[in-house]
Amino acid sequence: MSDAYAGRRERLREHCSATGADAALITRAANVRYLTGCPPCGATLLLTRERALLALPDDLPPDDTGEHLIVEDVTRVPVAAGADTALAAAAAAAKLRVTDLAVEEHDLTVSRHRAVAGLAEGVRLADLAQAVERLRVVKDEHEIADLRIAAEIADQALGELLESILVGRTERHLAMELERRMIDHGADRAAFPVSVGTGSHSGQQAHQPTDRRVEEGDFLTVVLGAQYRGYGVSTARTFVIGAAPAPWQVELHRLVFRAQRAGREALGPGVEQYVPDQAAREILQAAGHTESSPHPVGHGIGLEIREAPRLGPSDMGKLDSRVPVTVGPGVHLPGRGGVRIEDTLVVRPLEEGGPELLTITTKELLAL
């Protein structure tokens with residue numbers, strides 16, 4: 001991994017040189033981790049043409065905990081607990097006679113930007129924009145391996161839950177149990193708050209679990225993801241509780257399943273980003289399901305749960321190989337419930353087998 005981090009930093013150096021910057025100040029936690037392996041802890045990376053300095057709080061636990069492993073070719077600059085590491089890195093840039101410093105303006109607040117400018121006296125500040133985020137879009141095989149493990153953890157936790165008794169339990173309790181199970185199986189944490197929706201709550205976008213109890217005949221929608229070594233996945237499944245599903249439940253589940261499959265099959269290198277959304281949306285709209293404010297069918301995923309690219313109806317960029325994305329259409333019928341099915345996949349060319357499915361829990365309409 002040390003070579004992988006070094007390669008990433010070298011690509012960022014090349015970008016800085018091309019834009020006339022001597023150095024870059026990286027403050028966004030996911031970007032610091034991408035370039036150094038340092039988990040979120042308030043650290044700031046100063047990357048010059050010759051060196052990499054990581055300003056980080058001096059009260060971190062020791063490395064043998066496994067929580068703060070940092071590659072050896074990055075020099076650590078301890079900063080007093082509570083102090084702003086970005087300011088320490090800016091002061092270091094001035095001492096190293098940096099003349100043009102690129103900063104992540106989209107991450108810095110106005111006050112932090114002013115403070116950095118004040119400490120980096122004589123240094124011209126420029127906007128790095130989202131240069132690191134663009135580097136992060138295409139994953140290497142180390143990153144994809146971590147995503148596979150995260151997906152296995154999420155699938156295992158969900159599979160175990162489906163084998164338990166669900167009737168009478170609350171959405172909130174089931175969500176808490178899923179988070180615990182993922183951690184028990186080796187996750188850093190849940191990649192995002194688990195969503196469990198039953199009955200009229202099922203199929204909703206970003207539903208917050210409540211004290212509603214699972215009842216016979218309910219749809220049950222679960223949206224979860226595990227984070228492993230910083231990399232997260234997302235998956236959603238919808239099941240029916242108790243007796244055989246009602247005809248309308250079978251029909252709605254079959255419709256969303258078809259839409260999700262169409263979105264997955266549309267993925268490929270060189271495909272316009274809107275195409276998977278269009279493929280899924282056309283099936284739903286043909287059945288009479290439209291949304292006044294449509295959510296994109298999917299998005300990139302990795303060190304952050306929502307990354308580039310976005311797979312929405314108006315997104316015009318093209319997909320690359322080795323880009324992990326989600327595909328998750330859904331339909332919610334107010335007062336009745338609905339269905340949401342989502343997977344995390346890696347875009348691959350057909351000669352490599354096409355899109356690689358990471359989340360493999362069955363998408364069949366199981367009666368639990």
# chains A, B, ... in the order shown; residues from 1 in each chain; ligands from 1

call {"tool": "residues_around", "arguments": {"residues": "Arg181 (chain A)", "least_positions_apart": "3", "cutoff": "12 Å", "atoms": "only C-alpha atoms", "output": "compact mmCIF listing (two decimals) with N, CA, C and O atoms, in the first residue's frame"}}
result
# COMPACT_ATOMS: atom_id res chain seq x y z
N ILE A 153 -19.40 -8.07 4.56
CA ILE A 153 -19.84 -7.82 5.93
C ILE A 153 -21.31 -7.41 5.96
O ILE A 153 -22.10 -7.91 6.77
N ALA A 154 -21.69 -6.49 5.08
CA ALA A 154 -23.08 -6.04 5.04
C ALA A 154 -24.02 -7.20 4.68
O ALA A 154 -25.08 -7.36 5.28
N ASP A 155 -23.62 -7.99 3.68
CA ASP A 155 -24.45 -9.13 3.29
C ASP A 155 -24.60 -10.13 4.44
O ASP A 155 -25.69 -10.67 4.66
N GLN A 156 -23.52 -10.38 5.16
CA GLN A 156 -23.57 -11.33 6.26
C GLN A 156 -24.50 -10.84 7.37
O GLN A 156 -25.30 -11.61 7.91
N ALA A 157 -24.39 -9.57 7.71
CA ALA A 157 -25.25 -9.01 8.76
C ALA A 157 -26.72 -9.08 8.35
O ALA A 157 -27.59 -9.45 9.15
N LEU A 158 -27.02 -8.73 7.10
CA LEU A 158 -28.40 -8.77 6.63
C LEU A 158 -28.91 -10.20 6.59
O LEU A 158 -30.05 -10.48 7.00
N GLY A 159 -28.09 -11.13 6.13
CA GLY A 159 -28.51 -12.52 6.06
C GLY A 159 -28.86 -13.09 7.43
O GLY A 159 -29.84 -13.83 7.58
N GLU A 160 -28.08 -12.72 8.43
CA GLU A 160 -28.36 -13.20 9.78
C GLU A 160 -29.66 -12.62 10.32
O GLU A 160 -30.43 -13.31 11.00
N LEU A 161 -29.91 -11.35 10.01
CA LEU A 161 -31.13 -10.73 10.49
C LEU A 161 -32.35 -11.41 9.88
O LEU A 161 -33.37 -11.62 10.56
N LEU A 174 -34.28 -2.94 14.95
CA LEU A 174 -33.67 -3.70 13.86
C LEU A 174 -32.48 -2.95 13.27
O LEU A 174 -31.46 -3.55 12.93
N ALA A 175 -32.59 -1.63 13.14
CA ALA A 175 -31.47 -0.84 12.61
C ALA A 175 -30.26 -0.92 13.54
O ALA A 175 -29.12 -1.09 13.08
N MET A 176 -30.49 -0.81 14.85
CA MET A 176 -29.40 -0.91 15.81
C MET A 176 -28.75 -2.29 15.77
O MET A 176 -27.52 -2.42 15.85
N GLU A 177 -29.57 -3.33 15.62
CA GLU A 177 -29.00 -4.69 15.56
C GLU A 177 -28.14 -4.88 14.32
O GLU A 177 -27.08 -5.51 14.38
N LEU A 178 -28.57 -4.34 13.19
CA LEU A 178 -27.77 -4.46 11.97
C LEU A 178 -26.43 -3.76 12.12
O LEU A 178 -25.39 -4.27 11.68
N ASP A 184 -19.56 -6.44 14.60
CA ASP A 184 -19.13 -7.76 15.07
C ASP A 184 -18.40 -8.54 13.99
O ASP A 184 -17.51 -9.35 14.28
N HIS A 185 -18.77 -8.32 12.74
CA HIS A 185 -18.16 -9.05 11.63
C HIS A 185 -16.94 -8.34 11.04
O HIS A 185 -16.43 -8.75 9.99
N GLY A 186 -16.47 -7.27 11.69
CA GLY A 186 -15.21 -6.67 11.28
C GLY A 186 -15.30 -5.31 10.63
O GLY A 186 -14.27 -4.77 10.19
N ALA A 187 -16.49 -4.73 10.55
CA ALA A 187 -16.61 -3.38 9.97
C ALA A 187 -15.99 -2.34 10.90
O ALA A 187 -16.02 -2.50 12.13
N ASP A 188 -15.45 -1.28 10.32
CA ASP A 188 -15.04 -0.12 11.13
C ASP A 188 -16.26 0.42 11.86
O ASP A 188 -16.21 0.74 13.04
N ARG A 189 -17.34 0.52 11.11
CA ARG A 189 -18.61 1.07 11.60
C ARG A 189 -19.62 0.91 10.47
O ARG A 189 -19.27 0.45 9.38
N ALA A 190 -20.85 1.31 10.72
CA ALA A 190 -21.80 1.40 9.61
C ALA A 190 -21.37 2.54 8.70
O ALA A 190 -20.93 3.60 9.17
N VAL A 194 -28.18 3.06 9.41
CA VAL A 194 -29.02 2.04 8.79
C VAL A 194 -30.48 2.51 8.77
O VAL A 194 -30.98 3.08 9.74
N LEU A 224 -28.63 -0.52 4.13
CA LEU A 224 -27.48 -0.57 5.03
C LEU A 224 -26.19 -0.61 4.24
O LEU A 224 -26.19 -0.88 3.03
N GLY A 225 -25.09 -0.36 4.94
CA GLY A 225 -23.77 -0.46 4.34
C GLY A 225 -22.72 -0.55 5.42
O GLY A 225 -22.85 0.08 6.48
N ALA A 226 -21.70 -1.34 5.19
CA ALA A 226 -20.58 -1.46 6.12
C ALA A 226 -19.41 -0.64 5.60
O ALA A 226 -19.25 -0.44 4.40

call {"tool": "closest_atom_pairs", "arguments": {"of": "region 297-348 of chain A", "to": "region 124-144 of chain A", "cutoff": "9 Å", "atoms": "only C-alpha atoms", "output": "tab-separated table"}}
result
residue	atom	partner	partner_atom	distance
A:Gly300	CA	A:Val137	CA	7.5
A:Ile301	CA	A:Val137	CA	8.5
A:Gly302	CA	A:Glu143	CA	8.0
A:Leu303	CA	A:Arg136	CA	8.6
A:Glu307	CA	A:Val137	CA	7.6
A:Ala308	CA	A:Val137	CA	6.2
A:Pro309	CA	A:Val137	CA	7.2
A:Asp320	CA	A:Val138	CA	7.0
A:Ser321	CA	A:Val138	CA	7.1
A:Arg322	CA	A:Val138	CA	5.5
A:Val323	CA	A:Val138	CA	4.9
A:Pro324	CA	A:Lys139	CA	7.5
A:Val346	CA	A:Ile144	CA	8.0

call {"tool": "residues_around", "arguments": {"residues": "Ala83 (chain A)", "least_positions_apart": "4", "cutoff": "10 Å", "atoms": "only C-alpha atoms", "output": "MDAnalysis selection string"}}
result
chainID A and resid 42 56:58 79 87:88

call {"tool": "write_last_selection", "arguments": {"atoms": "N, CA, C and O atoms", "output": "PDB file, in the first residue's frame"}}
result
ATOM      1  N   GLY A  42      -8.681  14.937  11.947  1.00  0.00           N
ATOM      2  CA  GLY A  42      -8.363  16.362  11.920  1.00  0.00           C
ATOM      3  C   GLY A  42      -7.006  16.677  11.332  1.00  0.00           C
ATOM      4  O   GLY A  42      -6.516  17.803  11.467  1.00  0.00           O
ATOM      5  N   LEU A  56      -0.800  16.541  12.389  1.00  0.00           N
ATOM      6  CA  LEU A  56      -1.887  15.807  13.037  1.00  0.00           C
ATOM      7  C   LEU A  56      -1.829  15.983  14.541  1.00  0.00           C
ATOM      8  O   LEU A  56      -0.758  16.245  15.106  1.00  0.00           O
ATOM      9  N   PRO A  57      -2.971  15.873  15.212  1.00  0.00           N
ATOM     10  CA  PRO A  57      -3.001  16.077  16.661  1.00  0.00           C
ATOM     11  C   PRO A  57      -2.031  15.144  17.375  1.00  0.00           C
ATOM     12  O   PRO A  57      -1.899  13.974  17.008  1.00  0.00           O
ATOM     13  N   ASP A  58      -1.375  15.659  18.399  1.00  0.00           N
ATOM     14  CA  ASP A  58      -0.360  14.855  19.093  1.00  0.00           C
ATOM     15  C   ASP A  58      -0.952  13.954  20.167  1.00  0.00           C
ATOM     16  O   ASP A  58      -0.212  13.256  20.873  1.00  0.00           O
ATOM     17  N   VAL A  79       0.842  18.369  16.319  1.00  0.00           N
ATOM     18  CA  VAL A  79       0.192  19.645  16.615  1.00  0.00           C
ATOM     19  C   VAL A  79      -0.543  19.486  17.939  1.00  0.00           C
ATOM     20  O   VAL A  79      -1.167  18.456  18.200  1.00  0.00           O
ATOM     21  N   LEU A  87      -3.520  25.275  10.035  1.00  0.00           N
ATOM     22  CA  LEU A  87      -2.676  26.442  10.297  1.00  0.00           C
ATOM     23  C   LEU A  87      -1.232  26.026  10.501  1.00  0.00           C
ATOM     24  O   LEU A  87      -0.302  26.713  10.054  1.00  0.00           O
ATOM     25  N   ALA A  88      -1.023  24.895  11.172  1.00  0.00           N
ATOM     26  CA  ALA A  88       0.343  24.404  11.343  1.00  0.00           C
ATOM     27  C   ALA A  88       0.963  24.057   9.996  1.00  0.00           C
ATOM     28  O   ALA A  88       2.143  24.342   9.742  1.00  0.00           O
TER      29      ALA A  88
END

call {"tool": "residues_around", "arguments": {"residues": "Leu267 (chain A)", "least_positions_apart": "4", "cutoff": "7 Å", "atoms": "only C-alpha atoms", "output": "list in words"}}
result
Gly263, Val271, Pro276, Val347 and Pro355 of chain A

call {"tool": "select_by_dssp", "arguments": {"residues": "region 21-242 of chain A", "states": "strand (DSSP E or B)", "output": "JSON, numbers by chain"}}
result
{"A": [23, 24, 25, 26, 44, 45, 46, 47, 48, 52, 53, 54, 55, 56, 57, 75, 76, 77, 78, 79, 100, 101, 102, 103, 124, 125, 126, 127, 170, 189, 190, 195, 196, 197, 198, 213, 219, 220, 221, 222, 223, 224, 226, 227, 228, 231, 232, 235, 236, 237, 238, 239, 240]}

call {"tool": "write_last_selection", "arguments": {"atoms": "N, CA and C atoms", "output": "compact mmCIF listing (two decimals), in the first residue's frame"}}
result
# COMPACT_ATOMS: atom_id res chain seq x y z
N ALA A 23 2.81 23.65 -4.17
CA ALA A 23 2.41 22.72 -3.13
C ALA A 23 0.90 22.72 -3.00
N ALA A 24 0.39 21.71 -2.29
CA ALA A 24 -1.05 21.60 -2.04
C ALA A 24 -1.29 21.39 -0.56
N LEU A 25 -2.33 22.03 -0.06
CA LEU A 25 -2.75 21.89 1.33
C LEU A 25 -4.07 21.10 1.33
N ILE A 26 -4.02 19.88 1.86
CA ILE A 26 -5.17 18.99 1.80
C ILE A 26 -5.79 18.91 3.19
N THR A 44 -3.99 17.42 8.51
CA THR A 44 -3.84 18.18 7.27
C THR A 44 -2.55 17.77 6.60
N LEU A 45 -2.61 17.57 5.29
CA LEU A 45 -1.42 17.19 4.51
C LEU A 45 -0.89 18.39 3.73
N LEU A 46 0.40 18.66 3.88
CA LEU A 46 1.10 19.62 3.03
C LEU A 46 1.96 18.84 2.06
N LEU A 47 1.65 18.92 0.78
CA LEU A 47 2.38 18.17 -0.24
C LEU A 47 3.15 19.15 -1.11
N THR A 48 4.47 19.12 -0.98
CA THR A 48 5.33 19.95 -1.83
C THR A 48 5.94 19.06 -2.91
N ALA A 52 6.25 15.26 1.81
CA ALA A 52 4.87 15.21 2.28
C ALA A 52 4.89 15.34 3.79
N LEU A 53 4.26 16.40 4.31
CA LEU A 53 4.21 16.66 5.74
C LEU A 53 2.77 16.49 6.21
N LEU A 54 2.58 15.68 7.25
CA LEU A 54 1.25 15.46 7.78
C LEU A 54 1.16 16.07 9.17
N ALA A 55 0.42 17.16 9.27
CA ALA A 55 0.18 17.81 10.57
C ALA A 55 -1.02 17.12 11.21
N LEU A 56 -0.80 16.54 12.39
CA LEU A 56 -1.89 15.81 13.04
C LEU A 56 -1.83 15.98 14.54
N PRO A 57 -2.97 15.87 15.21
CA PRO A 57 -3.00 16.08 16.66
C PRO A 57 -2.03 15.14 17.37
N THR A 75 6.20 12.55 6.54
CA THR A 75 6.74 13.10 7.79
C THR A 75 5.62 13.63 8.66
N ARG A 76 5.60 13.21 9.91
CA ARG A 76 4.55 13.65 10.83
C ARG A 76 4.98 14.94 11.54
N VAL A 77 4.04 15.85 11.61
CA VAL A 77 4.26 17.10 12.33
C VAL A 77 3.23 17.17 13.45
N PRO A 78 3.61 16.84 14.70
CA PRO A 78 2.64 16.87 15.79
C PRO A 78 2.13 18.28 16.06
N VAL A 79 0.84 18.37 16.32
CA VAL A 79 0.19 19.64 16.61
C VAL A 79 -0.54 19.49 17.94
N ASP A 100 3.44 29.39 -4.30
CA ASP A 100 2.07 29.22 -4.78
C ASP A 100 1.49 27.96 -4.15
N LEU A 101 0.49 28.17 -3.30
CA LEU A 101 -0.09 27.07 -2.53
C LEU A 101 -1.55 26.86 -2.95
N ALA A 102 -1.87 25.63 -3.38
CA ALA A 102 -3.25 25.29 -3.75
C ALA A 102 -3.96 24.73 -2.52
N VAL A 103 -5.12 25.27 -2.20
CA VAL A 103 -5.88 24.83 -1.03
C VAL A 103 -7.27 24.37 -1.47
N ARG A 124 1.12 32.87 -2.25
CA ARG A 124 -0.11 33.10 -3.01
C ARG A 124 -0.99 31.85 -2.93
N LEU A 125 -2.26 32.06 -2.55
CA LEU A 125 -3.18 30.94 -2.45
C LEU A 125 -4.01 30.81 -3.72
N ALA A 126 -4.21 29.58 -4.15
CA ALA A 126 -5.07 29.29 -5.30
C ALA A 126 -6.01 28.15 -4.91
N ASP A 127 -7.02 27.95 -5.70
CA ASP A 127 -8.00 26.90 -5.40
C ASP A 127 -7.58 25.58 -6.04
N THR A 170 -39.26 -3.30 16.53
CA THR A 170 -39.37 -1.95 15.97
C THR A 170 -38.31 -1.71 14.90
N ARG A 189 -17.34 0.52 11.11
CA ARG A 189 -18.61 1.07 11.60
C ARG A 189 -19.62 0.91 10.47
N ALA A 190 -20.85 1.31 10.72
CA ALA A 190 -21.80 1.40 9.61
C ALA A 190 -21.37 2.54 8.70
N SER A 195 -31.14 2.28 7.65
CA SER A 195 -32.56 2.64 7.51
C SER A 195 -33.39 1.36 7.44
N VAL A 196 -34.37 1.26 8.30
CA VAL A 196 -35.32 0.15 8.27
C VAL A 196 -36.71 0.77 8.21
N GLY A 197 -37.48 0.42 7.18
CA GLY A 197 -38.83 0.94 7.03
C GLY A 197 -39.81 -0.20 6.83
N THR A 198 -40.86 -0.24 7.60
CA THR A 198 -41.85 -1.30 7.49
C THR A 198 -43.24 -0.72 7.25
N ARG A 213 -43.70 -0.98 14.79
CA ARG A 213 -43.38 -2.40 14.90
C ARG A 213 -43.72 -3.15 13.61
N PHE A 219 -44.51 -4.87 3.95
CA PHE A 219 -43.23 -4.77 3.25
C PHE A 219 -42.19 -4.34 4.30
N LEU A 220 -40.97 -4.83 4.18
CA LEU A 220 -39.86 -4.40 5.03
C LEU A 220 -38.69 -4.03 4.13
N THR A 221 -38.31 -2.75 4.16
CA THR A 221 -37.16 -2.28 3.37
C THR A 221 -35.99 -1.98 4.31
N VAL A 222 -34.85 -2.55 3.97
CA VAL A 222 -33.63 -2.34 4.75
C VAL A 222 -32.57 -1.72 3.84
N VAL A 223 -32.00 -0.60 4.27
CA VAL A 223 -30.90 0.05 3.54
C VAL A 223 -29.72 0.12 4.50
N LEU A 224 -28.63 -0.52 4.13
CA LEU A 224 -27.48 -0.57 5.03
C LEU A 224 -26.19 -0.61 4.24
N ALA A 226 -21.70 -1.34 5.19
CA ALA A 226 -20.58 -1.46 6.12
C ALA A 226 -19.41 -0.64 5.60
N GLN A 227 -18.61 -0.16 6.54
CA GLN A 227 -17.36 0.52 6.19
C GLN A 227 -16.19 -0.33 6.66
N TYR A 228 -15.26 -0.58 5.74
CA TYR A 228 -14.09 -1.39 6.05
C TYR A 228 -12.84 -0.67 5.58
N TYR A 231 -13.58 2.32 3.51
CA TYR A 231 -14.35 2.20 2.28
C TYR A 231 -15.73 1.61 2.57
N GLY A 232 -16.77 2.30 2.09
CA GLY A 232 -18.13 1.90 2.38
C GLY A 232 -18.89 1.44 1.16
N THR A 235 -26.39 -1.02 0.20
CA THR A 235 -27.30 -2.01 -0.38
C THR A 235 -28.69 -1.82 0.20
N ALA A 236 -29.70 -2.12 -0.58
CA ALA A 236 -31.09 -2.05 -0.11
C ALA A 236 -31.84 -3.27 -0.62
N ARG A 237 -32.66 -3.82 0.25
CA ARG A 237 -33.50 -4.96 -0.11
C ARG A 237 -34.89 -4.75 0.49
N THR A 238 -35.89 -5.29 -0.17
CA THR A 238 -37.26 -5.23 0.33
C THR A 238 -37.83 -6.64 0.38
N PHE A 239 -38.42 -6.98 1.52
CA PHE A 239 -39.02 -8.30 1.74
C PHE A 239 -40.45 -8.11 2.22
N VAL A 240 -41.18 -9.20 2.32
CA VAL A 240 -42.53 -9.15 2.88
C VAL A 240 -42.55 -10.02 4.13

call {"tool": "closest_residue", "arguments": {"among": "A:Glu50, A:Glu121, A:Glu171, A:Glu216", "to": "Ser202 (chain A)", "atoms": "only C-alpha atoms"}}
result
A:Glu171

call {"tool": "residues_around", "arguments": {"residues": "Pro40 (chain A)", "least_positions_apart": "6", "cutoff": "8 Å", "atoms": "only C-alpha atoms", "output": "ChimeraX atom specification"}}
result
/A:29-30,32-33

call {"tool": "closest_residue", "arguments": {"among": "A:Glu272, A:Glu105, A:Glu351, A:Glu356", "to": "Lys318 (chain A)", "atoms": "only C-alpha atoms"}}
result
A:Glu272

call {"tool": "closest_residue", "arguments": {"among": "A:Asp277, A:Asp3, A:Glu179, A:Glu364", "to": "His253 (chain A)", "atoms": "only C-alpha atoms"}}
result
A:Glu364

call {"tool": "closest_residue", "arguments": {"among": "A:Ala246, A:Ile305, A:Thr359, A:Ala280", "to": "Ile149 (chain A)", "atoms": "only C-alpha atoms"}}
result
A:Thr359

call {"tool": "decode", "arguments": {"residues": "region 90-106 of chain A", "atoms": "N, CA, C and O atoms", "output": "PDB file, in the first residue's frame"}}
result
ATOM      1  N   ALA A  90       0.125  25.374   7.109  1.00  0.00           N
ATOM      2  CA  ALA A  90       0.334  26.628   6.383  1.00  0.00           C
ATOM      3  C   ALA A  90       1.620  27.303   6.846  1.00  0.00           C
ATOM      4  O   ALA A  90       2.387  27.846   6.028  1.00  0.00           O
ATOM      5  N   ALA A  91       1.870  27.279   8.148  1.00  0.00           N
ATOM      6  CA  ALA A  91       3.108  27.855   8.664  1.00  0.00           C
ATOM      7  C   ALA A  91       4.313  27.098   8.127  1.00  0.00           C
ATOM      8  O   ALA A  91       5.343  27.697   7.789  1.00  0.00           O
ATOM      9  N   ALA A  92       4.190  25.781   8.030  1.00  0.00           N
ATOM     10  CA  ALA A  92       5.281  24.973   7.473  1.00  0.00           C
ATOM     11  C   ALA A  92       5.523  25.323   6.014  1.00  0.00           C
ATOM     12  O   ALA A  92       6.672  25.359   5.546  1.00  0.00           O
ATOM     13  N   ALA A  93       4.455  25.590   5.265  1.00  0.00           N
ATOM     14  CA  ALA A  93       4.605  25.971   3.859  1.00  0.00           C
ATOM     15  C   ALA A  93       5.402  27.261   3.725  1.00  0.00           C
ATOM     16  O   ALA A  93       6.263  27.398   2.842  1.00  0.00           O
ATOM     17  N   ALA A  94       5.134  28.219   4.607  1.00  0.00           N
ATOM     18  CA  ALA A  94       5.880  29.480   4.565  1.00  0.00           C
ATOM     19  C   ALA A  94       7.355  29.246   4.869  1.00  0.00           C
ATOM     20  O   ALA A  94       8.236  29.814   4.203  1.00  0.00           O
ATOM     21  N   LYS A  95       7.659  28.404   5.850  1.00  0.00           N
ATOM     22  CA  LYS A  95       9.056  28.112   6.206  1.00  0.00           C
ATOM     23  C   LYS A  95       9.787  27.401   5.077  1.00  0.00           C
ATOM     24  O   LYS A  95      10.998  27.558   4.914  1.00  0.00           O
ATOM     25  N   LEU A  96       9.044  26.602   4.296  1.00  0.00           N
ATOM     26  CA  LEU A  96       9.658  25.873   3.177  1.00  0.00           C
ATOM     27  C   LEU A  96       9.737  26.723   1.914  1.00  0.00           C
ATOM     28  O   LEU A  96      10.103  26.217   0.853  1.00  0.00           O
ATOM     29  N   ARG A  97       9.387  28.004   2.037  1.00  0.00           N
ATOM     30  CA  ARG A  97       9.477  28.969   0.931  1.00  0.00           C
ATOM     31  C   ARG A  97       8.585  28.587  -0.260  1.00  0.00           C
ATOM     32  O   ARG A  97       8.950  28.782  -1.422  1.00  0.00           O
ATOM     33  N   VAL A  98       7.432  28.034   0.064  1.00  0.00           N
ATOM     34  CA  VAL A  98       6.433  27.800  -0.981  1.00  0.00           C
ATOM     35  C   VAL A  98       5.915  29.154  -1.456  1.00  0.00           C
ATOM     36  O   VAL A  98       5.648  30.043  -0.649  1.00  0.00           O
ATOM     37  N   THR A  99       5.788  29.327  -2.757  1.00  0.00           N
ATOM     38  CA  THR A  99       5.305  30.610  -3.286  1.00  0.00           C
ATOM     39  C   THR A  99       3.854  30.537  -3.750  1.00  0.00           C
ATOM     40  O   THR A  99       3.117  31.515  -3.638  1.00  0.00           O
ATOM     41  N   ASP A 100       3.444  29.387  -4.295  1.00  0.00           N
ATOM     42  CA  ASP A 100       2.074  29.216  -4.781  1.00  0.00           C
ATOM     43  C   ASP A 100       1.485  27.959  -4.146  1.00  0.00           C
ATOM     44  O   ASP A 100       1.935  26.839  -4.427  1.00  0.00           O
ATOM     45  N   LEU A 101       0.487  28.169  -3.298  1.00  0.00           N
ATOM     46  CA  LEU A 101      -0.091  27.068  -2.531  1.00  0.00           C
ATOM     47  C   LEU A 101      -1.550  26.857  -2.948  1.00  0.00           C
ATOM     48  O   LEU A 101      -2.366  27.776  -2.871  1.00  0.00           O
ATOM     49  N   ALA A 102      -1.872  25.633  -3.375  1.00  0.00           N
ATOM     50  CA  ALA A 102      -3.250  25.294  -3.745  1.00  0.00           C
ATOM     51  C   ALA A 102      -3.958  24.735  -2.518  1.00  0.00           C
ATOM     52  O   ALA A 102      -3.446  23.831  -1.855  1.00  0.00           O
ATOM     53  N   VAL A 103      -5.124  25.273  -2.203  1.00  0.00           N
ATOM     54  CA  VAL A 103      -5.881  24.833  -1.026  1.00  0.00           C
ATOM     55  C   VAL A 103      -7.272  24.365  -1.466  1.00  0.00           C
ATOM     56  O   VAL A 103      -7.767  24.741  -2.527  1.00  0.00           O
ATOM     57  N   GLU A 104      -7.883  23.542  -0.621  1.00  0.00           N
ATOM     58  CA  GLU A 104      -9.214  23.019  -0.922  1.00  0.00           C
ATOM     59  C   GLU A 104     -10.269  24.012  -0.423  1.00  0.00           C
ATOM     60  O   GLU A 104     -10.796  23.896   0.681  1.00  0.00           O
ATOM     61  N   GLU A 105     -10.562  24.994  -1.260  1.00  0.00           N
ATOM     62  CA  GLU A 105     -11.487  26.043  -0.855  1.00  0.00           C
ATOM     63  C   GLU A 105     -12.878  25.495  -0.552  1.00  0.00           C
ATOM     64  O   GLU A 105     -13.606  26.061   0.265  1.00  0.00           O
ATOM     65  N   HIS A 106     -13.260  24.389  -1.188  1.00  0.00           N
ATOM     66  CA  HIS A 106     -14.575  23.816  -0.939  1.00  0.00           C
ATOM     67  C   HIS A 106     -14.654  23.162   0.433  1.00  0.00           C
ATOM     68  O   HIS A 106     -15.750  22.873   0.917  1.00  0.00           O
TER      69      HIS A 106
END
